[in-house]
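I have placed the structure first, in the form of structure tokens, so that the comments after it can refer back to it.
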Amino acid sequence: MSTSLTTCEWKKVFYEKMEIAKPADSWELIIDPNLKPNELAPGWKQYLEQHASGRFHCSWCWHTWQSASVVILFHMYLDRTQRMGSVRMRVFKQLCYQCGTARLDESSMLEENIEGLVDNLITSLREQCYDEDGGQYRIHVASRPDSRSHRSEFCEACQEGIVHWKPSEKLLEEEATYTSDASKLKAQGGLGYNFFSLRWGLLWGSLCLLIVYFQFSFRGSAFL
């Protein structure tokens with residue numbers, strides 16, 4: 001099986017970001033299509049990305065479709081004594097609902113989407129392998145409405161028992177909080193802008209009235 005462009009992009013982004021996040025440790029990223037959720041060897045940790053965005057291309061009928069419910073499974077292990085770590089990764093596939101073929105197709109992703117997903121992976125690595133505060137996870141689904149319902153019968157992850165098409169309550173709460181804070185900041189910014197605009201308008205109006213007043217006063221004194 002040849003290495004896809006998306007696989008190369010994943011490794012490129014992962015190695016670059018890990019070099020910055022943990023320069024003293026050596027990490028590898030392995031694509032493993034046989035990875036199973038919750039089946040972990042001793043010492044391994046799991047992170048499940050449930051709402052990635054990807055585009056699928058049917059290799060049989062050439063139909064393409066976009067999905068905001070791509071599931072990516074990561075298993076992670078860090079050998080602290082050797083300062084070496086390993087991440088095994090599986091991107092779950094989807095079936096084409098246009099032609100109904102039983103051939104599972106892989107998704108392709110934009111580089112900016114991969115970067116956000118790798119940021120989430122590194123956040124989980126920090127928390128589970130280094131016992132650090134990983135920071136904020138990036139939200140991929142709540143701010144991007146999808147009018148189409150997820151069809152679980154065509155989803156490989158759903159067929160393996162991973163329930164993922166509905167955002168978790170925590171995800172929705174975080175998105176609601178983020179939206180509320182952004183709205184407040186925007187409103188405060190708008191009020192500040194209107195206040196200063198009104199103040200400058202009054203100032204310029206007063207100056208214009210003073211200029212007109214002095215002009216008429218000067219002309220009146222000249223005639224006298």
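Chain identifiers are assigned as A, B, and so on, following the order in which chains appear in the structure tokens; residues are numbered from 1 within each chain, and ligands are numbered from 1 in order of appearance.
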Can you list, as a PyMOL selection string, every protein, DNA or RNA residue that comes within 10 Å of Ser152 in chain A when you count only C-alpha atoms, leaving out same-chain residues fewer than 6 positions away? chain A and resi 94-95+158-159+162-165
Tell me, which residues of range 10-145 of chain A carry DSSP alpha helix (DSSP H), written as a PyMOL selection string? chain A and resi 10-21+111-129
Computed interatomic separation between CA of Met76 in chain A and CA of Arg88 in chain A (Å): 6.5 Å
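The nearest approach to Tyr97 in chain A among the residues A:Tyr130, A:Trp10, A:Tyr137, A:Phe56, with only C-alpha atoms taken into account, belongs to A:Phe56.
Closest approach to Glu49 in chain A from the set A:Gly116, A:Gly161, A:Pro23, A:Gly134 is made by A:Gly116, with distances taken over only C-alpha atoms.
Of the residues under consideration (A:Glu28, A:Ala68, A:Pro37, A:Ala52), A:Ala68 shows the shortest atom-to-atom contact distance to His150 in chain A when counting only C-alpha atoms.
Using only C-alpha atoms, the smallest distance between any of A:Glu39, A:Glu127, A:Glu156, A:Glu16 and Ser107 in chain A comes from A:Glu156.
Between Arg138 in chain A and the residues A:Arg83, A:Arg90, A:His51, A:Arg151, the shortest atom-to-atom distance, using only C-alpha atoms, involves A:His51.
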Can you build me a table of range 82-141 of chain A residues sitting at most 12 Å from range 63-67 of chain A, with the closest atom pair per residue and its distance in Å to one decimal, using only C-alpha atoms, sorted by chain and residue number, as JSON lines?
{"residue": "A:Phe92", "atom": "CA", "partner": "A:Ser67", "partner_atom": "CA", "distance": 11.8}
{"residue": "A:Lys93", "atom": "CA", "partner": "A:Ser67", "partner_atom": "CA", "distance": 10.7}
{"residue": "A:Gln94", "atom": "CA", "partner": "A:Ser67", "partner_atom": "CA", "distance": 9.4}
{"residue": "A:Leu95", "atom": "CA", "partner": "A:Trp65", "partner_atom": "CA", "distance": 10.5}
{"residue": "A:Cys96", "atom": "CA", "partner": "A:His63", "partner_atom": "CA", "distance": 7.4}
{"residue": "A:Tyr97", "atom": "CA", "partner": "A:His63", "partner_atom": "CA", "distance": 9.0}
{"residue": "A:Gln98", "atom": "CA", "partner": "A:His63", "partner_atom": "CA", "distance": 7.0}
{"residue": "A:Cys99", "atom": "CA", "partner": "A:His63", "partner_atom": "CA", "distance": 8.3}
{"residue": "A:Gly100", "atom": "CA", "partner": "A:His63", "partner_atom": "CA", "distance": 11.0}
{"residue": "A:Thr101", "atom": "CA", "partner": "A:His63", "partner_atom": "CA", "distance": 11.4}
{"residue": "A:Asp105", "atom": "CA", "partner": "A:Thr64", "partner_atom": "CA", "distance": 10.2}
{"residue": "A:Glu106", "atom": "CA", "partner": "A:Thr64", "partner_atom": "CA", "distance": 11.2}
{"residue": "A:Ser107", "atom": "CA", "partner": "A:Ser67", "partner_atom": "CA", "distance": 8.9}
{"residue": "A:Ser108", "atom": "CA", "partner": "A:Gln66", "partner_atom": "CA", "distance": 9.7}
{"residue": "A:Met109", "atom": "CA", "partner": "A:Gln66", "partner_atom": "CA", "distance": 10.0}
{"residue": "A:Leu110", "atom": "CA", "partner": "A:Gln66", "partner_atom": "CA", "distance": 11.9}
{"residue": "A:His140", "atom": "CA", "partner": "A:Ser67", "partner_atom": "CA", "distance": 11.7}
{"residue": "A:Val141", "atom": "CA", "partner": "A:Ser67", "partner_atom": "CA", "distance": 10.5}
